[in-house]
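Pasted below: data.cif, mmCIF, C-alpha atoms (C1' of nucleotides).
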```cif
data_entry
loop_
_atom_site.label_atom_id
_atom_site.label_comp_id
_atom_site.auth_asym_id
_atom_site.auth_seq_id
_atom_site.Cartn_x
_atom_site.Cartn_y
_atom_site.Cartn_z
CA MET U 1400 11.99 -26.53 -5.85
CA SER U 1401 12.92 -27.08 -9.46
CA ASN U 1402 15.47 -24.30 -9.68
CA PRO U 1403 17.59 -24.38 -6.54
CA ASN U 1404 18.35 -20.68 -6.93
CA LEU U 1405 14.74 -19.79 -6.36
CA THR U 1406 12.92 -19.41 -3.08
CA ALA U 1407 9.21 -19.12 -2.42
CA VAL U 1408 9.56 -15.36 -2.57
CA SER U 1409 11.09 -15.69 -6.03
CA TYR U 1410 8.00 -17.48 -7.23
CA VAL U 1411 5.71 -14.95 -5.63
CA VAL U 1412 7.47 -12.20 -7.56
CA LEU U 1413 7.55 -14.27 -10.73
CA GLY U 1414 3.88 -15.08 -10.35
CA LEU U 1415 2.90 -11.49 -9.73
CA VAL U 1416 4.72 -10.32 -12.83
CA ALA U 1417 3.09 -13.14 -14.78
CA HIS U 1418 -0.23 -11.79 -13.50
CA GLY U 1419 0.64 -8.42 -14.96
CA ALA U 1420 2.40 -6.57 -12.15
CA THR U 1421 4.98 -4.23 -13.61
CA THR U 1422 6.75 -2.29 -10.86
CA ALA U 1423 7.80 -3.08 -7.32
CA TYR U 1424 5.07 -0.87 -5.95
CA ASP U 1425 2.53 -2.55 -8.13
CA MET U 1426 3.60 -5.90 -6.67
CA LYS U 1427 3.34 -4.47 -3.21
CA GLN U 1428 -0.25 -3.42 -3.85
CA LYS U 1429 -1.25 -6.79 -5.19
CA ILE U 1430 0.41 -8.64 -2.34
CA ALA U 1431 -1.35 -6.44 0.21
CA GLY U 1432 -4.74 -7.68 -0.93
CA SER U 1433 -3.91 -11.32 -1.46
CA VAL U 1434 -0.84 -13.51 -0.80
CA GLY U 1435 0.42 -11.02 1.76
CA TYR U 1436 -2.23 -12.27 4.14
CA PHE U 1437 -0.56 -15.62 4.47
CA TRP U 1438 2.97 -15.09 3.17
CA ALA U 1439 4.19 -11.60 4.05
CA PHE U 1440 7.56 -9.96 3.52
CA PRO U 1441 8.82 -6.38 3.54
CA HIS U 1442 8.74 -4.20 0.43
CA SER U 1443 12.50 -4.03 0.25
CA GLN U 1444 12.43 -7.63 -0.96
CA LEU U 1445 10.45 -6.41 -3.93
CA TYR U 1446 13.44 -4.41 -5.01
CA ALA U 1447 16.08 -7.04 -4.30
CA GLU U 1448 14.30 -10.10 -5.64
CA PRO U 1449 13.43 -8.92 -9.18
CA ALA U 1450 17.09 -7.97 -9.66
CA ARG U 1451 18.04 -11.58 -8.90
CA LEU U 1452 15.44 -12.85 -11.33
CA VAL U 1453 16.69 -10.55 -14.07
CA GLU U 1454 20.15 -11.93 -13.38
CA LEU U 1455 18.78 -15.43 -13.99
CA GLY U 1456 17.04 -14.40 -17.18
CA LEU U 1457 13.57 -15.00 -15.77
CA LEU U 1458 12.50 -11.37 -15.79
CA GLU U 1459 13.35 -8.48 -18.04
CA GLU U 1460 13.88 -5.00 -16.74
CA GLU U 1461 13.22 -1.81 -18.58
CA ARG U 1462 13.77 1.63 -17.21
CA GLU U 1463 11.30 4.43 -17.68
CA GLN U 1464 13.03 7.14 -19.65
CA ARG U 1465 11.34 10.07 -17.93
CA GLY U 1466 9.63 11.04 -14.71
CA ARG U 1467 10.34 8.55 -11.94
CA ARG U 1468 12.56 6.37 -14.09
CA ARG U 1469 10.89 3.35 -12.52
CA ARG U 1470 11.99 -0.18 -13.23
CA ILE U 1471 9.36 -1.89 -15.33
CA PHE U 1472 9.49 -5.68 -15.21
CA SER U 1473 8.12 -8.28 -17.55
CA ILE U 1474 8.39 -12.04 -17.52
CA THR U 1475 10.54 -13.85 -20.08
CA GLU U 1476 9.73 -17.14 -21.75
CA ALA U 1477 12.22 -18.82 -19.42
CA GLY U 1478 10.47 -17.18 -16.49
CA ARG U 1479 7.09 -18.42 -17.55
CA GLN U 1480 8.61 -21.87 -17.97
CA ALA U 1481 10.18 -21.82 -14.51
CA LEU U 1482 6.90 -20.76 -12.94
CA GLY U 1483 5.00 -23.44 -14.84
CA ASP U 1484 7.48 -26.13 -13.81
CA TRP U 1485 7.23 -25.09 -10.21
CA VAL U 1486 3.44 -25.10 -9.93
CA ARG U 1487 3.38 -28.53 -11.59
CA GLU U 1488 5.88 -30.23 -9.33
CA PRO U 1489 4.54 -31.50 -6.00
CA ALA U 1490 4.97 -29.31 -2.93
CA THR U 1491 7.20 -31.15 -0.50
CA GLU U 1492 7.88 -28.77 2.41
CA PRO U 1493 5.31 -29.23 5.16
CA THR U 1494 3.05 -26.33 6.04
CA GLN U 1495 4.41 -23.96 8.64
CA ILE U 1496 2.06 -21.94 10.83
CA ARG U 1497 3.89 -19.03 12.26
CA ASP U 1498 1.52 -18.00 15.00
CA THR U 1499 2.94 -16.24 18.00
CA GLY U 1500 -0.27 -16.75 19.94
CA LEU U 1501 0.03 -20.52 19.65
CA LEU U 1502 3.67 -20.30 20.68
CA LYS U 1503 2.69 -18.35 23.79
CA LEU U 1504 0.04 -20.90 24.60
CA PHE U 1505 2.56 -23.69 24.14
CA PHE U 1506 5.10 -22.13 26.48
CA GLY U 1507 2.58 -20.54 28.77
CA ASP U 1508 2.49 -23.06 31.57
CA SER U 1509 3.15 -20.23 34.00
CA LEU U 1510 -0.13 -18.57 32.95
CA SER U 1511 -3.11 -18.62 35.27
CA PRO U 1512 -6.46 -19.77 33.81
CA GLN U 1513 -7.49 -16.12 33.69
CA GLU U 1514 -4.36 -15.17 31.78
CA VAL U 1515 -4.95 -17.98 29.30
CA ARG U 1516 -8.46 -16.63 28.75
CA SER U 1517 -7.07 -13.14 28.11
CA LEU U 1518 -4.66 -14.49 25.55
CA ALA U 1519 -7.43 -16.49 23.92
CA GLU U 1520 -9.77 -13.51 23.80
CA ALA U 1521 -7.13 -11.36 22.17
CA GLN U 1522 -6.39 -14.06 19.61
CA GLU U 1523 -10.05 -14.64 18.90
CA ARG U 1524 -10.44 -10.93 18.20
CA VAL U 1525 -7.49 -10.90 15.79
CA HIS U 1526 -8.84 -13.87 13.86
CA ARG U 1527 -12.36 -12.44 13.78
CA GLU U 1528 -11.00 -9.24 12.29
CA ARG U 1529 -9.06 -11.12 9.68
CA LEU U 1530 -12.11 -13.20 8.92
CA ALA U 1531 -14.15 -10.04 8.39
CA VAL U 1532 -11.55 -8.81 5.90
CA TYR U 1533 -11.70 -12.08 3.96
CA GLU U 1534 -15.49 -11.99 3.94
CA SER U 1535 -15.53 -8.50 2.52
CA ILE U 1536 -13.07 -9.59 -0.18
CA GLU U 1537 -15.33 -12.55 -0.86
CA HIS U 1538 -18.31 -10.30 -1.51
CA ALA U 1539 -16.41 -7.93 -3.75
CA ILE U 1540 -14.60 -10.69 -5.60
CA GLU U 1541 -13.29 -9.65 -8.97
CA GLU U 1542 -10.56 -12.29 -9.40
CA PRO U 1543 -12.40 -15.63 -9.58
CA ARG U 1544 -9.01 -17.28 -10.02
CA HIS U 1545 -8.26 -16.58 -6.38
CA ALA U 1546 -11.55 -17.80 -5.03
CA ASP U 1547 -10.03 -21.09 -3.89
CA THR U 1548 -7.12 -19.66 -1.91
CA LEU U 1549 -9.51 -17.15 -0.42
CA ARG U 1550 -11.71 -20.01 0.68
CA ALA U 1551 -8.72 -21.64 2.35
CA GLY U 1552 -8.24 -18.40 4.25
CA LEU U 1553 -11.88 -18.27 5.29
CA LEU U 1554 -11.83 -21.87 6.50
CA PHE U 1555 -8.60 -21.31 8.38
CA GLU U 1556 -9.85 -18.19 10.16
CA ARG U 1557 -13.17 -19.76 11.08
CA THR U 1558 -11.35 -22.74 12.55
CA PHE U 1559 -9.12 -20.52 14.64
CA VAL U 1560 -11.86 -18.19 15.78
CA GLU U 1561 -13.61 -21.27 17.07
CA PHE U 1562 -10.45 -22.70 18.64
CA TRP U 1563 -9.66 -19.55 20.61
CA ARG U 1564 -13.29 -18.90 21.49
CA GLU U 1565 -13.52 -22.30 23.13
CA LEU U 1566 -10.37 -21.55 25.14
CA ALA U 1567 -11.65 -18.10 26.08
CA THR U 1568 -14.95 -19.38 27.42
CA ARG U 1569 -13.70 -22.56 29.05
CA ARG U 1570 -14.20 -22.80 32.80
CA MET Y 641 8.11 -8.50 21.64
CA SER Y 642 9.13 -7.16 25.01
CA ASN Y 643 12.87 -7.51 24.51
CA PRO Y 644 13.70 -6.28 21.01
CA ASN Y 645 16.79 -8.49 20.94
CA LEU Y 646 14.70 -11.61 21.03
CA THR Y 647 13.00 -13.36 18.15
CA ALA Y 648 10.40 -16.09 18.21
CA VAL Y 649 13.20 -18.63 18.00
CA SER Y 650 14.76 -17.10 21.10
CA TYR Y 651 11.57 -17.75 23.01
CA VAL Y 652 11.30 -21.27 21.71
CA VAL Y 653 14.79 -21.98 23.02
CA LEU Y 654 14.09 -20.18 26.27
CA GLY Y 655 10.84 -22.06 26.67
CA LEU Y 656 12.41 -25.41 25.99
CA VAL Y 657 15.12 -24.83 28.57
CA ALA Y 658 12.45 -23.67 31.01
CA HIS Y 659 10.71 -27.00 30.33
CA GLY Y 660 13.88 -28.81 31.27
CA ALA Y 661 15.82 -29.21 28.06
CA THR Y 662 19.52 -29.11 28.78
CA THR Y 663 21.54 -29.58 25.60
CA ALA Y 664 21.07 -28.54 21.99
CA TYR Y 665 20.32 -32.10 21.02
CA ASP Y 666 17.81 -32.39 23.79
CA MET Y 667 16.04 -29.31 22.43
CA LYS Y 668 16.12 -30.79 18.96
CA GLN Y 669 14.37 -33.92 20.22
CA LYS Y 670 11.67 -31.99 22.00
CA ILE Y 671 11.06 -29.72 19.04
CA ALA Y 672 10.75 -32.71 16.71
CA GLY Y 673 7.71 -33.99 18.59
CA SER Y 674 5.97 -30.68 19.24
CA VAL Y 675 6.60 -27.07 18.16
CA GLY Y 676 8.65 -28.24 15.22
CA TYR Y 677 5.44 -29.25 13.52
CA PHE Y 678 4.37 -25.68 13.15
CA TRP Y 679 7.52 -23.64 13.68
CA ALA Y 680 10.54 -25.47 12.30
CA PHE Y 681 14.16 -24.41 12.00
CA PRO Y 682 17.46 -26.19 11.44
CA HIS Y 683 19.43 -27.64 14.31
CA SER Y 684 22.32 -25.24 13.75
CA GLN Y 685 20.11 -22.54 15.24
CA LEU Y 686 20.08 -24.55 18.43
CA TYR Y 687 23.79 -23.97 18.75
CA ALA Y 688 23.77 -20.29 17.76
CA GLU Y 689 20.72 -19.12 19.66
CA PRO Y 690 21.58 -20.34 23.18
CA ALA Y 691 24.93 -18.55 22.86
CA ARG Y 692 23.07 -15.32 22.21
CA LEU Y 693 20.82 -15.91 25.21
CA VAL Y 694 23.80 -16.59 27.46
CA GLU Y 695 25.23 -13.30 26.22
CA LEU Y 696 22.03 -11.58 27.35
CA GLY Y 697 22.10 -13.28 30.73
CA LEU Y 698 18.90 -15.25 30.09
CA LEU Y 699 20.59 -18.65 30.04
CA GLU Y 700 23.56 -20.06 31.84
CA GLU Y 701 26.02 -22.37 30.19
CA GLU Y 702 28.03 -25.05 31.86
CA ARG Y 703 30.46 -27.32 30.13
CA GLU Y 704 30.65 -31.03 30.88
CA GLN Y 705 34.08 -31.73 32.28
CA ARG Y 706 34.51 -35.14 30.69
CA GLY Y 707 33.29 -37.24 27.78
CA ARG Y 708 31.63 -35.14 25.11
CA ARG Y 709 32.13 -31.89 26.95
CA ARG Y 710 28.64 -30.86 25.97
CA ARG Y 711 27.18 -27.46 26.71
CA ILE Y 712 24.56 -27.80 29.43
CA PHE Y 713 22.12 -24.91 29.59
CA SER Y 714 19.86 -23.73 32.34
CA ILE Y 715 17.54 -20.76 32.56
CA THR Y 716 18.37 -17.81 34.80
CA GLU Y 717 15.93 -15.78 36.84
CA ALA Y 718 16.14 -13.04 34.19
CA GLY Y 719 15.39 -15.64 31.53
CA ARG Y 720 12.34 -16.89 33.35
CA GLN Y 721 11.21 -13.32 33.74
CA ALA Y 722 11.68 -12.54 30.04
CA LEU Y 723 9.72 -15.63 29.06
CA GLY Y 724 6.96 -14.79 31.50
CA ASP Y 725 6.73 -11.20 30.23
CA TRP Y 726 6.54 -12.41 26.67
CA VAL Y 727 3.74 -14.94 27.14
CA ARG Y 728 1.74 -12.32 29.03
CA GLU Y 729 1.95 -9.57 26.46
CA PRO Y 730 -0.51 -9.78 23.58
CA ALA Y 731 0.65 -11.34 20.32
CA THR Y 732 0.53 -8.69 17.64
CA GLU Y 733 2.03 -10.22 14.47
CA PRO Y 734 -0.66 -11.80 12.33
CA THR Y 735 -0.53 -15.54 11.70
CA GLN Y 736 1.53 -16.57 8.69
CA ILE Y 737 0.72 -19.79 6.88
CA ARG Y 738 3.73 -20.84 4.88
CA ASP Y 739 2.17 -23.40 2.59
CA THR Y 740 3.79 -23.98 -0.76
CA GLY Y 741 0.75 -25.88 -1.99
CA LEU Y 742 -1.48 -22.86 -1.46
CA LEU Y 743 1.07 -20.67 -3.21
CA LYS Y 744 1.06 -23.01 -6.20
CA LEU Y 745 -2.70 -22.96 -6.28
CA PHE Y 746 -2.68 -19.18 -6.11
CA PHE Y 747 -0.26 -18.81 -9.00
CA GLY Y 748 -1.46 -21.85 -10.87
CA ASP Y 749 -3.73 -20.25 -13.40
CA SER Y 750 -1.85 -22.09 -16.13
CA LEU Y 751 -2.90 -25.42 -14.58
CA SER Y 752 -5.54 -27.56 -16.25
CA PRO Y 753 -8.43 -28.82 -14.09
CA GLN Y 754 -6.72 -32.19 -14.05
CA GLU Y 755 -3.44 -30.68 -12.88
CA VAL Y 756 -5.27 -28.80 -10.12
CA ARG Y 757 -6.78 -32.08 -9.00
CA SER Y 758 -3.33 -33.71 -8.90
CA LEU Y 759 -2.00 -30.90 -6.78
CA ALA Y 760 -5.00 -31.15 -4.49
CA GLU Y 761 -4.68 -34.91 -4.14
CA ALA Y 762 -1.02 -34.63 -3.22
CA GLN Y 763 -1.78 -31.94 -0.66
CA GLU Y 764 -4.67 -33.88 0.80
CA ARG Y 765 -2.33 -36.82 1.27
CA VAL Y 766 0.29 -34.71 3.05
CA HIS Y 767 -2.28 -33.25 5.43
CA ARG Y 768 -3.84 -36.64 6.08
CA GLU Y 769 -0.44 -38.00 7.03
CA ARG Y 770 0.22 -35.11 9.35
CA LEU Y 771 -3.21 -35.55 10.85
CA ALA Y 772 -2.46 -39.21 11.53
CA VAL Y 773 0.71 -38.20 13.34
CA TYR Y 774 -1.19 -35.74 15.53
CA GLU Y 775 -3.84 -38.32 16.29
CA SER Y 776 -1.27 -40.83 17.42
CA ILE Y 777 0.31 -38.18 19.66
CA GLU Y 778 -3.16 -37.42 21.00
CA HIS Y 779 -3.68 -41.02 22.06
CA ALA Y 780 -0.29 -41.34 23.67
CA ILE Y 781 -0.47 -37.94 25.35
CA GLU Y 782 1.80 -37.60 28.32
CA GLU Y 783 2.10 -33.80 28.39
CA PRO Y 784 -1.41 -32.52 29.18
CA ARG Y 785 0.02 -29.01 29.06
CA HIS Y 786 0.32 -29.30 25.31
CA ALA Y 787 -3.13 -30.70 24.72
CA ASP Y 788 -4.44 -27.34 23.56
CA THR Y 789 -1.82 -26.62 20.95
CA LEU Y 790 -2.15 -30.19 19.76
CA ARG Y 791 -5.86 -29.61 19.34
CA ALA Y 792 -5.12 -26.53 17.24
CA GLY Y 793 -2.99 -28.76 15.04
CA LEU Y 794 -5.72 -31.36 14.72
CA LEU Y 795 -8.31 -28.75 13.81
CA PHE Y 796 -5.96 -27.17 11.30
CA GLU Y 797 -5.15 -30.43 9.56
CA ARG Y 798 -8.76 -31.53 9.43
CA THR Y 799 -9.71 -28.23 7.87
CA PHE Y 800 -7.05 -28.56 5.21
CA VAL Y 801 -7.71 -32.22 4.46
CA GLU Y 802 -11.28 -31.16 3.79
CA PHE Y 803 -10.27 -28.13 1.74
CA TRP Y 804 -7.99 -30.10 -0.58
CA ARG Y 805 -10.34 -33.06 -0.76
CA GLU Y 806 -13.09 -30.82 -2.05
CA LEU Y 807 -10.73 -29.44 -4.70
CA ALA Y 808 -9.53 -32.92 -5.63
CA THR Y 809 -13.02 -34.28 -6.18
CA ARG Y 810 -14.57 -31.21 -7.76
CA ARG Y 811 -15.82 -31.64 -11.34
"C1'" DG F 1302 36.64 -54.25 14.64
"C1'" DG F 1303 34.13 -52.18 10.93
"C1'" DG F 1304 29.94 -50.13 9.81
"C1'" DT F 1305 26.00 -47.36 10.91
"C1'" DA F 1306 23.26 -44.30 13.26
"C1'" DC F 1307 23.34 -40.95 16.79
"C1'" DA F 1308 25.11 -36.61 18.48
"C1'" DT F 1309 27.65 -32.16 18.42
"C1'" DG F 1310 29.32 -28.63 16.53
"C1'" DT F 1311 31.53 -24.72 13.06
"C1'" DA F 1312 32.01 -21.87 8.81
"C1'" DA F 1313 30.41 -19.55 5.04
"C1'" DT F 1314 26.86 -17.68 2.72
"C1'" DC F 1315 22.65 -15.41 1.78
"C1'" DA F 1316 17.89 -14.27 2.34
"C1'" DG F 1317 15.30 -11.27 4.79
"C1'" DT F 1318 14.68 -7.38 7.91
"C1'" DT F 1319 15.35 -2.76 9.67
"C1'" DA F 1320 16.44 1.64 9.02
"C1'" DC F 1321 17.30 5.34 6.34
"C1'" DA F 1322 16.68 8.56 2.53
"C1'" DT F 1323 14.49 11.06 -0.85
"C1'" DG F 1324 11.51 12.07 -4.94
"C1'" DA F 1325 6.86 12.74 -6.79
"C1'" DT F 1326 2.06 13.76 -6.26
"C1'" DT F 1327 -1.98 15.22 -4.16
"C1'" DT F 1328 -4.62 18.14 -1.05
"C1'" DA F 1329 -5.68 21.78 2.19
"C1'" DT J 114 2.95 26.62 -1.15
"C1'" DA J 115 3.37 23.77 2.76
"C1'" DA J 116 2.15 19.51 4.52
"C1'" DA J 117 0.97 14.99 4.02
"C1'" DT J 118 0.97 10.87 1.70
"C1'" DC J 119 2.33 7.98 -1.93
"C1'" DA J 120 6.12 5.80 -4.19
"C1'" DT J 121 10.90 4.20 -4.95
"C1'" DG J 122 14.77 2.87 -3.68
"C1'" DT J 123 19.65 1.65 -1.01
"C1'" DA J 124 22.72 0.23 2.83
"C1'" DA J 125 23.87 -2.24 6.68
"C1'" DC J 126 23.11 -5.82 9.49
"C1'" DT J 127 21.94 -10.27 11.23
"C1'" DG J 128 19.09 -14.30 11.63
"C1'" DA J 129 18.61 -18.38 9.24
"C1'" DT J 130 20.08 -21.91 6.06
"C1'" DT J 131 23.39 -24.96 3.86
"C1'" DA J 132 27.20 -27.52 3.90
"C1'" DC J 133 30.81 -29.42 6.07
"C1'" DA J 134 33.33 -31.98 9.70
"C1'" DT J 135 34.05 -35.01 13.24
"C1'" DG J 136 33.30 -37.56 17.59
"C1'" DT J 137 30.84 -41.24 20.19
"C1'" DA J 138 28.15 -45.23 21.00
"C1'" DC J 139 25.99 -49.24 19.63
"C1'" DC J 140 25.51 -53.65 16.97
"C1'" DC J 141 26.58 -57.28 13.79
#
```

Any chance you could give the structure as structure tokens?
Amino acid sequence: MSNPNLTAVSYVVLGLVAHGATTAYDMKQKIAGSVGYFWAFPHSQLYAEPARLVELGLLEEEREQRGRRRRIFSITEAGRQALGDWVREPATEPTQIRDTGLLKLFFGDSLSPQEVRSLAEAQERVHRERLAVYESIEHAIEEPRHADTLRAGLLFERTFVEFWRELATRR
Amino acid sequence: MSNPNLTAVSYVVLGLVAHGATTAYDMKQKIAGSVGYFWAFPHSQLYAEPARLVELGLLEEEREQRGRRRRIFSITEAGRQALGDWVREPATEPTQIRDTGLLKLFFGDSLSPQEVRSLAEAQERVHRERLAVYESIEHAIEEPRHADTLRAGLLFERTFVEFWRELATRR
DNA sequence: GGGTACATGTAATCAGTTACATGATTTA
DNA sequence: TAAATCATGTAACTGATTACATGTACCC
């Protein structure tokens, strides 16, 4: 990535603030309904990471003077630049699919055919549920910007529902 | 996961040794042609992780007496048991897709249509290349055990080639 | 026998996770 | 006004990455 100090999480935070997120909790909310589905991390990161970005001059922090004294973040010109550079440079790292179910299938040579079917059924269920979530987001779409990534999610889940279903019903 | 001391990487190592891998380098080789495609990690982990598993009594370590004095690992009964328990218990964690290209698309609202197409073309290329690799493995398959996970990979890559191709050619 | 690729590891650092803690707001 | 939930953070730990270092085998 352009700036070697920045990780994918850095850009998620930077991007969220660019999209108008102001506090850590606000970011958490937005992640929960979008990127969090494919690139999750715990909320504590949302307190650590912005601090790093402020350090680098990519975000600005302001403290509420009363009430909760929350940290309010905004993106700097340098931050906007860094984000823009990053989205424009080609993505090199290959896609990683962290899927425990697949891992179990891969190392499951001690499983009986029935046990494989159980695993597959459970996985099919999980992907069906996720698919249902994406479909409901699709219907209530209010961010047309995210329609494309959402579609990637839909395609992915449909593919995996089908993959596991085939395994679950195989004789 | 059953044993809270164990991570996904622990099970990858355990699984590889169960499949007959003996040294760290041996594991590295096997990962490179299989799980590494969807769950990668640096080779230094393959020196740290087995040590942890020996500590827990799930692997046994033996040192070559001459030459390179390599560490030779083998799985213990407890290790086999732990692996078996793990593959049999349902996978709970949802699938994570760590794809920088998707992230860039998600946060790329400053991109022009042309820039989006460039991103999509580059991503399509990457997935096509990966697909070609999987297809060549498919033809030369010597581990029928892994045919199913390989098929998941093929389906995944085909889905994403199609996804990015559509974006790249959209007007 | 000098170079190159293969093979084996360690050390230091840091990102990321887990666990804890508590304040503010809503609701019953 | 007590309980529950929402919201905001910090501390400690450790898994994972990066960088370094060196040995061994092959080959020109």

I'd like a table as a Markdown table: residues in chain Y with an atom no more than 7 Å from chain U, each row giving the shortest atom pair and its distance in Å to one decimal, all atoms listed in the file counted, sorted by chain and rising residue number.
```
| residue | atom | partner | partner_atom | distance |
| --- | --- | --- | --- | --- |
| Y:Gly655 | CA | U:Phe1506 | CA | 5.7 |
| Y:Phe678 | CA | U:Gln1495 | CA | 4.8 |
| Y:Trp679 | CA | U:Gln1495 | CA | 5.9 |
| Y:Val727 | CA | U:Lys1503 | CA | 4.9 |
| Y:Pro730 | CA | U:Leu1518 | CA | 6.6 |
| Y:Ala731 | CA | U:Gly1500 | CA | 5.5 |
| Y:Thr735 | CA | U:Asp1498 | CA | 4.6 |
| Y:Gln736 | CA | U:Phe1437 | CA | 4.8 |
| Y:Ile737 | CA | U:Ile1496 | CA | 4.7 |
| Y:Arg738 | CA | U:Gln1495 | CA | 4.9 |
| Y:Asp739 | CA | U:Thr1494 | CA | 4.6 |
| Y:Thr740 | CA | U:Ala1490 | CA | 5.9 |
| Y:Gly741 | CA | U:Ala1490 | CA | 5.5 |
| Y:Leu742 | CA | U:Thr1548 | CA | 6.5 |
| Y:Lys744 | CA | U:Val1486 | CA | 4.9 |
| Y:Phe746 | CA | U:Thr1548 | CA | 6.1 |
| Y:Phe747 | CA | U:Gly1414 | CA | 5.7 |
| Y:Gly748 | CA | U:Val1486 | CA | 6.0 |
| Y:Asp749 | CA | U:Arg1544 | CA | 6.9 |
| Y:Leu759 | CA | U:Pro1489 | CA | 6.6 |
| Y:Ala762 | CA | U:Pro1489 | CA | 7.0 |
| Y:Arg785 | CA | U:Asp1508 | CA | 6.9 |
| Y:His786 | CA | U:Phe1505 | CA | 6.2 |
| Y:Thr789 | CA | U:Phe1505 | CA | 6.2 |
| Y:Ala792 | CA | U:Phe1562 | CA | 6.7 |
| Y:Leu795 | CA | U:Thr1558 | CA | 6.9 |
| Y:Thr799 | CA | U:Leu1554 | CA | 6.8 |
| Y:Phe803 | CA | U:Ala1551 | CA | 6.7 |
```

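Across the structure, atom C1' of DG1302 of chain F and atom C1' of DT137 of chain J are spaced 15.3 Å apart.
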
Env of segment 1316-1327 of chain F: 8 Å cut, atoms = all atoms listed in the file, seq-sep filter 3 positions within chain, self excluded. Answer as number ranges by chain.
U: 1440-1441, 1444, 1467; J: 118-121

For chain F, report every residue with an atom at most 10 Å from chain Y (counting all atoms listed in the file), formatted as JSON, numbers by chain.
{"F": [1308, 1309, 1310, 1311]}

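Between atom CA of Pro1403 of chain U and atom CA of Ile1474 of chain U there is a distance of 18.9 Å.
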
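Taking atom CA of Arg703 of chain Y and atom CA of Glu783 of chain Y as endpoints, the distance between them is 29.1 Å.
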
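Closest approach to chain J from the set Y:Gln705, Y:Gln721, Y:Gln669, Y:Asn645 is made by Y:Asn645, with distances taken over only C-alpha atoms (C1' of nucleotides).
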
Residue nearest chain Y among J:DA129, J:DA124, J:DA115, J:DC141 (counting only C-alpha atoms (C1' of nucleotides)):
J:DA129

Which chain J residues are at most 12 Å from chain Y (counting only C-alpha atoms (C1' of nucleotides)), as a list in words?
DT127, DG128, DA129, DT130, DT131, DA132, DG136, DT137 and DA138 of chain J

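Proximity to Thr1421 of chain U was assessed for U:His1442, U:Glu1461, U:Ser1409, U:Glu1454 counting only C-alpha atoms; the smallest distance is recorded for U:Glu1461.
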
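Closest approach to Arg1516 of chain U among U:Ala1481, U:Ile1540, U:Ala1567, U:Ala1531 is made by U:Ala1567 (distances from all atoms listed in the file).
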
Name every residue that the PyMOL selection byres ((chain U and resi 1459) around 10) selects in this structure, writing the answer as a list in words with chains first and numbers rising.
Pro1449, Ala1450, Leu1452, Val1453, Glu1454, Leu1455, Gly1456, Leu1457, Leu1458, Glu1460, Glu1461, Arg1470, Ile1471, Phe1472, Ser1473, Ile1474, Thr1475 and Gly1478 of chain U

Kindly list the centre and edge lengths in Å, rounded to one decimal, for the axis-aligned box that covers all listed atoms of segment 1313-1324 of chain F plus 3 Å on each of its six sides, as AutoDock Vina command-line options.
```
--center_x 21.0 --center_y -3.7 --center_z 2.4 --size_x 24.9 --size_y 37.6 --size_z 20.6
```

Residues within 12 Å of DA1329 of chain F, all atoms listed in the file, excluding chain neighbours under 5 positions, as a ChimeraX atom specification:
/J:114-117
